[in-house]
Each structure stands twice: as C-alpha cells, then as structure tokens.
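Peer 1: First the structure, then my questions, so here it is.
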Amino acid sequence: MPVIGFMGPIKRREERISKQRGDHLRPSWDSYFLEIAGVVAERSTCLRRKVGAVLVKEKRLLTTGYNGAPAGLSHCLETGCLRREMKIPSGQRHELCRGLHAEQNAIIQGAIYGVSIEGSDLYCTHHPCSLCAKMLVNAKVRRVVLKDHYPDALAQQFFEEAKIQVVVMVF
C-alpha cells in the first residue's frame, strides 16, 4: 500500500545486513542509526509514546533527542498525562502537552551546542508530526529515515513539497 511521500510513494526499504569476512554480520548505516534512535527513545518520559531521534551527517551522529518535558520541569512520569486525562486523540492538540517532541529536542541540542544540522539526515522511531516537519524543513534536513510510519498527511505534504526524502525501513 503506497503512502504519499517525496516525489511519489514513501520509499520502503527492506533491511539488508551486509556480510563482511566470514560470518560476521554488520548492520547497514540506516539500521545502525535507527537502532541508536531506539535506545535514545528509552530516555523518554512520555506516558503515551516513547520516541527517539538522532541527526546524522556524513555517517557522524550530531545530536539526539527524545520526547519529554523541558529541562528542569516536572515530567509526565511525575505529574501524569494531561492529554490522556482529557482523552485527546493522538496527533491532535499538540500544545496541550508538557513535552517537547524528540525531533524538536534534537534540533534544540544542535542550537545549544553550536552544531549545524543543515544537510543532515533524521533517524526517528516514529514519523514526525506536521509541527516537527516544518521545523525540519527550516533546519534544512535532507532526509528522514523511520522505523514506524505515523499517519500525518500534512507532515508528508510538507516533506514532499520541500523535496525531503522519507524512507520507512521494513525489518
């Protein structure tokens, strides 16, 4: 089932393990960085969905981010989930949340530490929402590689219009 993405359907790529000398198996670069994004997601303090993101350029990890409350503020683990209490469906009313998204935190880390993310690739456990997609467009990210597809048609439209390639890995 094709999904709208950059210049047509989002690329769905079967994960391939490269074989080096003997029986030693190595993950592809995309698989490697997605695995790191998965580990980063474990730091999340969100009660609804744990998301991790890493920004990479020329096979070098630049920044990481996970979803959770801003530094120094109480986390949802401590206060509870306002969105859950208000029965807000996923993908709606993002402003009614204590947390920042993983992609936002990865972008902010670049700004704090003076790391340019222009031309980088985002590896993320979930598809960015439309708010994050707009930030990634302005940050001049060139490609988005995902573990899981998130149904946000507007975000997909932004990526397509900005000619940002979206790849959903199939494991």
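Residue numbering restarts at 1 for every chain of the structure tokens, chains are lettered A, B, ... in their displayed order, and ligands are numbered from 1 as they appear.
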Where does DSSP see alpha helix (DSSP H) in chain A, if you list the residues as a count of residues only?
Peer 2: 51
Peer 1: Could you pull the residues within 9 Å of range 66-69 of chain A, counting only C-alpha atoms, minus those fewer than 4 positions along the same chain, as an mmCIF file with N, CA and C atoms, in the first residue's frame?
Peer 2:
data_model
loop_
_atom_site.group_PDB
_atom_site.id
_atom_site.type_symbol
_atom_site.label_atom_id
_atom_site.label_comp_id
_atom_site.auth_asym_id
_atom_site.auth_seq_id
_atom_site.Cartn_x
_atom_site.Cartn_y
_atom_site.Cartn_z
ATOM 1 N N ALA A 37 18.507 5.503 17.635
ATOM 2 C CA ALA A 37 17.286 6.280 17.926
ATOM 3 C C ALA A 37 16.376 5.502 18.875
ATOM 4 N N VAL A 40 17.806 5.864 22.327
ATOM 5 C CA VAL A 40 17.529 7.219 22.807
ATOM 6 C C VAL A 40 16.082 7.316 23.294
ATOM 7 N N ALA A 41 15.153 6.678 22.592
ATOM 8 C CA ALA A 41 13.731 6.711 22.967
ATOM 9 C C ALA A 41 13.497 6.164 24.376
ATOM 10 N N GLU A 42 14.351 5.283 24.838
ATOM 11 C CA GLU A 42 14.197 4.707 26.166
ATOM 12 C C GLU A 42 14.311 5.748 27.273
ATOM 13 N N ARG A 43 14.916 6.911 26.970
ATOM 14 C CA ARG A 43 15.025 8.003 27.945
ATOM 15 C C ARG A 43 13.730 8.813 28.059
ATOM 16 N N SER A 44 12.801 8.595 27.150
ATOM 17 C CA SER A 44 11.557 9.360 27.112
ATOM 18 C C SER A 44 10.798 9.269 28.425
ATOM 19 N N THR A 45 10.158 10.386 28.787
ATOM 20 C CA THR A 45 9.327 10.403 29.992
ATOM 21 C C THR A 45 7.845 10.500 29.636
ATOM 22 N N CYS A 46 7.515 10.335 28.365
ATOM 23 C CA CYS A 46 6.131 10.380 27.907
ATOM 24 C C CYS A 46 5.427 9.077 28.289
ATOM 25 N N ARG A 49 3.781 7.560 24.351
ATOM 26 C CA ARG A 49 4.600 7.040 23.257
ATOM 27 C C ARG A 49 6.046 7.474 23.474
ATOM 28 N N LYS A 50 6.959 6.521 23.420
ATOM 29 C CA LYS A 50 8.385 6.820 23.558
ATOM 30 C C LYS A 50 8.972 6.984 22.158
ATOM 31 N N VAL A 51 9.535 8.174 21.915
ATOM 32 C CA VAL A 51 10.081 8.496 20.595
ATOM 33 C C VAL A 51 11.524 8.940 20.761
ATOM 34 N N GLY A 52 12.381 8.455 19.866
ATOM 35 C CA GLY A 52 13.782 8.868 19.854
ATOM 36 C C GLY A 52 14.162 9.352 18.470
ATOM 37 N N ALA A 53 15.071 10.322 18.434
ATOM 38 C CA ALA A 53 15.530 10.885 17.164
ATOM 39 C C ALA A 53 17.029 11.159 17.239
ATOM 40 N N VAL A 54 17.708 10.947 16.135
ATOM 41 C CA VAL A 54 19.111 11.331 16.025
ATOM 42 C C VAL A 54 19.303 12.038 14.689
ATOM 43 N N LEU A 73 11.801 21.017 34.298
ATOM 44 C CA LEU A 73 10.373 20.973 34.610
ATOM 45 C C LEU A 73 9.974 19.547 34.977
ATOM 46 N N SER A 74 8.885 19.432 35.696
ATOM 47 C CA SER A 74 8.390 18.106 36.084
ATOM 48 C C SER A 74 7.981 17.314 34.853
ATOM 49 N N HIS A 75 8.299 16.036 34.876
ATOM 50 C CA HIS A 75 7.966 15.146 33.766
ATOM 51 C C HIS A 75 6.572 14.548 33.959
ATOM 52 N N CYS A 76 6.009 14.062 32.876
ATOM 53 C CA CYS A 76 4.695 13.402 32.924
ATOM 54 C C CYS A 76 4.724 12.179 33.843
ATOM 55 N N CYS A 97 0.375 19.597 25.985
ATOM 56 C CA CYS A 97 1.319 18.556 26.407
ATOM 57 C C CYS A 97 2.502 19.237 27.079
ATOM 58 N N ARG A 98 3.000 18.650 28.134
ATOM 59 C CA ARG A 98 4.184 19.186 28.819
ATOM 60 C C ARG A 98 5.440 18.983 27.988
ATOM 61 N N GLY A 99 5.414 17.974 27.144
ATOM 62 C CA GLY A 99 6.639 17.544 26.487
ATOM 63 C C GLY A 99 6.940 18.205 25.157
ATOM 64 N N LEU A 100 8.212 18.181 24.843
ATOM 65 C CA LEU A 100 8.703 18.504 23.509
ATOM 66 C C LEU A 100 8.850 17.194 22.761
ATOM 67 N N HIS A 101 8.771 17.261 21.456
ATOM 68 C CA HIS A 101 8.952 16.060 20.647
ATOM 69 C C HIS A 101 10.445 15.761 20.498
ATOM 70 N N ALA A 102 10.749 14.510 20.220
ATOM 71 C CA ALA A 102 12.134 14.068 20.072
ATOM 72 C C ALA A 102 12.858 14.874 18.994
ATOM 73 N N GLU A 103 12.182 15.112 17.871
ATOM 74 C CA GLU A 103 12.798 15.861 16.772
ATOM 75 C C GLU A 103 13.108 17.286 17.204
ATOM 76 N N GLN A 104 12.204 17.903 17.966
ATOM 77 C CA GLN A 104 12.431 19.259 18.465
ATOM 78 C C GLN A 104 13.652 19.281 19.381
ATOM 79 N N ASN A 105 13.747 18.304 20.269
ATOM 80 C CA ASN A 105 14.894 18.254 21.173
ATOM 81 C C ASN A 105 16.206 18.035 20.421
ATOM 82 N N ALA A 106 16.189 17.237 19.372
ATOM 83 C CA ALA A 106 17.409 17.027 18.578
ATOM 84 C C ALA A 106 17.831 18.337 17.897
#
Peer 1: Name the residues in contact with Pro128 in chain A at a cut-off of 9 Å, using only C-alpha atoms, excluding same-chain residues fewer than 5 positions from it; report them as an mmCIF file with C-alpha atoms, in the first residue's frame.
Peer 2:
data_model
loop_
_atom_site.group_PDB
_atom_site.id
_atom_site.type_symbol
_atom_site.label_atom_id
_atom_site.label_comp_id
_atom_site.auth_asym_id
_atom_site.auth_seq_id
_atom_site.Cartn_x
_atom_site.Cartn_y
_atom_site.Cartn_z
ATOM 1 C CA HIS A 101 8.952 16.060 20.647
ATOM 2 C CA ALA A 102 12.134 14.068 20.072
ATOM 3 C CA GLU A 103 12.798 15.861 16.772
ATOM 4 C CA ALA A 133 8.105 18.535 9.818
ATOM 5 C CA VAL A 144 14.073 11.338 7.133
ATOM 6 C CA HIS A 149 5.039 5.294 9.980
ATOM 7 C CA TYR A 150 2.840 7.924 11.665
ATOM 8 C CA ASP A 152 0.187 12.710 9.445
ATOM 9 C CA ALA A 155 3.693 16.407 7.515
ATOM 10 C CA GLN A 156 4.063 14.154 4.477
#
Peer 1: Arg60 in chain A: which residues within 12 Å, counting only C-alpha atoms, same-chain residues fewer than 4 positions away excluded, as a list in words?
Peer 2: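 The contact residues come out as Trp29, Asp30, Tyr32, Phe33, Val54, Leu55, Val56, Thr64, Val115, Ile117, Ser120, Asp121 and Leu122 of chain A.
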Peer 1: Using DSSP on the backbone coordinates, identify all residues within chain A classified as strand (DSSP E or B); present the result as a PyMOL selection string.
Peer 2: chain A and resi 4-5+8-9+11-14+18-19+25-26+52-57+60-66+68+100+121-124+143-146+165-170
Peer 1: Would you save the residues of that selection, restricted to C-alpha atoms, as a short mmCIF file (atom, residue, chain, number, x, y, z; two decimals), in the first residue's frame?
Peer 2:
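Saved the output as part-v5.cif:
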data_model
loop_
_atom_site.label_atom_id
_atom_site.label_comp_id
_atom_site.auth_asym_id
_atom_site.auth_seq_id
_atom_site.Cartn_x
_atom_site.Cartn_y
_atom_site.Cartn_z
CA ILE A 4 2.41 9.70 -0.22
CA GLY A 5 5.97 10.91 0.21
CA GLY A 8 5.65 9.80 -5.04
CA PRO A 9 5.36 6.88 -2.62
CA LYS A 11 10.38 4.60 -0.04
CA ARG A 12 10.01 1.39 1.91
CA ARG A 13 13.28 -0.39 2.16
CA GLU A 14 13.89 -3.92 3.29
CA SER A 18 25.96 -6.59 4.92
CA LYS A 19 28.25 -9.57 5.22
CA LEU A 25 27.24 -9.55 10.05
CA ARG A 26 27.15 -5.77 10.11
CA GLY A 52 13.78 8.87 19.85
CA ALA A 53 15.53 10.89 17.16
CA VAL A 54 19.11 11.33 16.02
CA LEU A 55 20.50 13.76 13.48
CA VAL A 56 23.38 12.42 11.42
CA LYS A 57 25.65 13.92 8.77
CA ARG A 60 28.51 11.00 12.13
CA LEU A 61 25.98 11.41 14.91
CA LEU A 62 25.39 15.12 15.55
CA THR A 63 22.58 15.31 18.13
CA THR A 64 19.99 13.18 19.86
CA GLY A 65 16.55 13.89 21.26
CA TYR A 66 13.70 12.12 22.98
CA GLY A 68 9.71 14.72 27.35
CA LEU A 100 8.70 18.50 23.51
CA ASP A 121 19.55 13.01 7.99
CA LEU A 122 16.98 12.47 10.73
CA TYR A 123 16.63 8.92 12.06
CA CYS A 124 13.48 8.63 14.12
CA ARG A 143 16.29 13.01 4.53
CA VAL A 144 14.07 11.34 7.13
CA VAL A 145 14.52 7.63 7.93
CA LEU A 146 11.83 6.00 10.06
CA GLN A 165 13.19 12.13 1.08
CA VAL A 166 11.27 9.94 3.54
CA VAL A 167 12.28 6.31 3.98
CA VAL A 168 10.36 3.83 6.13
CA MET A 169 12.55 0.85 6.99
CA VAL A 170 10.96 -2.60 6.90
#
Peer 1: Just checking: using only C-alpha atoms, which residue out of A:Val39, A:Ile88, A:Leu82, A:Ile164 ends up closest to Ala139 in chain A?
Peer 2: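 With only C-alpha atoms as the atom set, the closest residue is A:Ile164.
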Peer 1: When you look at Met86 in chain A with a cut-off of 12 Å (counting only C-alpha atoms), what residues show up, excluding the ones that are within fewer than 6 positions of it in the same chain? I need them as JSON, numbers by chain.
Peer 2: {"A": [80, 92, 93, 96, 97]}
Peer 1: For the residues in that selection, give me N, CA, C and O atoms as an mmCIF file, in the first residue's frame.
Peer 2:
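Saved as again.cif:
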data_model
loop_
_atom_site.group_PDB
_atom_site.id
_atom_site.type_symbol
_atom_site.label_atom_id
_atom_site.label_comp_id
_atom_site.auth_asym_id
_atom_site.auth_seq_id
_atom_site.Cartn_x
_atom_site.Cartn_y
_atom_site.Cartn_z
ATOM 1 N N GLY A 80 1.600 13.058 35.639
ATOM 2 C CA GLY A 80 0.524 12.419 34.887
ATOM 3 C C GLY A 80 0.415 13.030 33.498
ATOM 4 O O GLY A 80 1.057 14.034 33.195
ATOM 5 N N GLN A 92 -3.382 15.188 17.687
ATOM 6 C CA GLN A 92 -4.205 16.399 17.810
ATOM 7 C C GLN A 92 -3.800 17.197 19.046
ATOM 8 O O GLN A 92 -3.328 16.637 20.027
ATOM 9 N N ARG A 93 -3.997 18.502 18.954
ATOM 10 C CA ARG A 93 -3.791 19.421 20.082
ATOM 11 C C ARG A 93 -2.430 19.238 20.754
ATOM 12 O O ARG A 93 -2.328 19.079 21.978
ATOM 13 N N LEU A 96 -1.289 20.953 24.057
ATOM 14 C CA LEU A 96 -1.742 20.514 25.379
ATOM 15 C C LEU A 96 -0.902 19.336 25.873
ATOM 16 O O LEU A 96 -1.391 18.255 26.146
ATOM 17 N N CYS A 97 0.375 19.597 25.985
ATOM 18 C CA CYS A 97 1.319 18.556 26.407
ATOM 19 C C CYS A 97 2.502 19.237 27.079
ATOM 20 O O CYS A 97 2.962 20.288 26.622
#
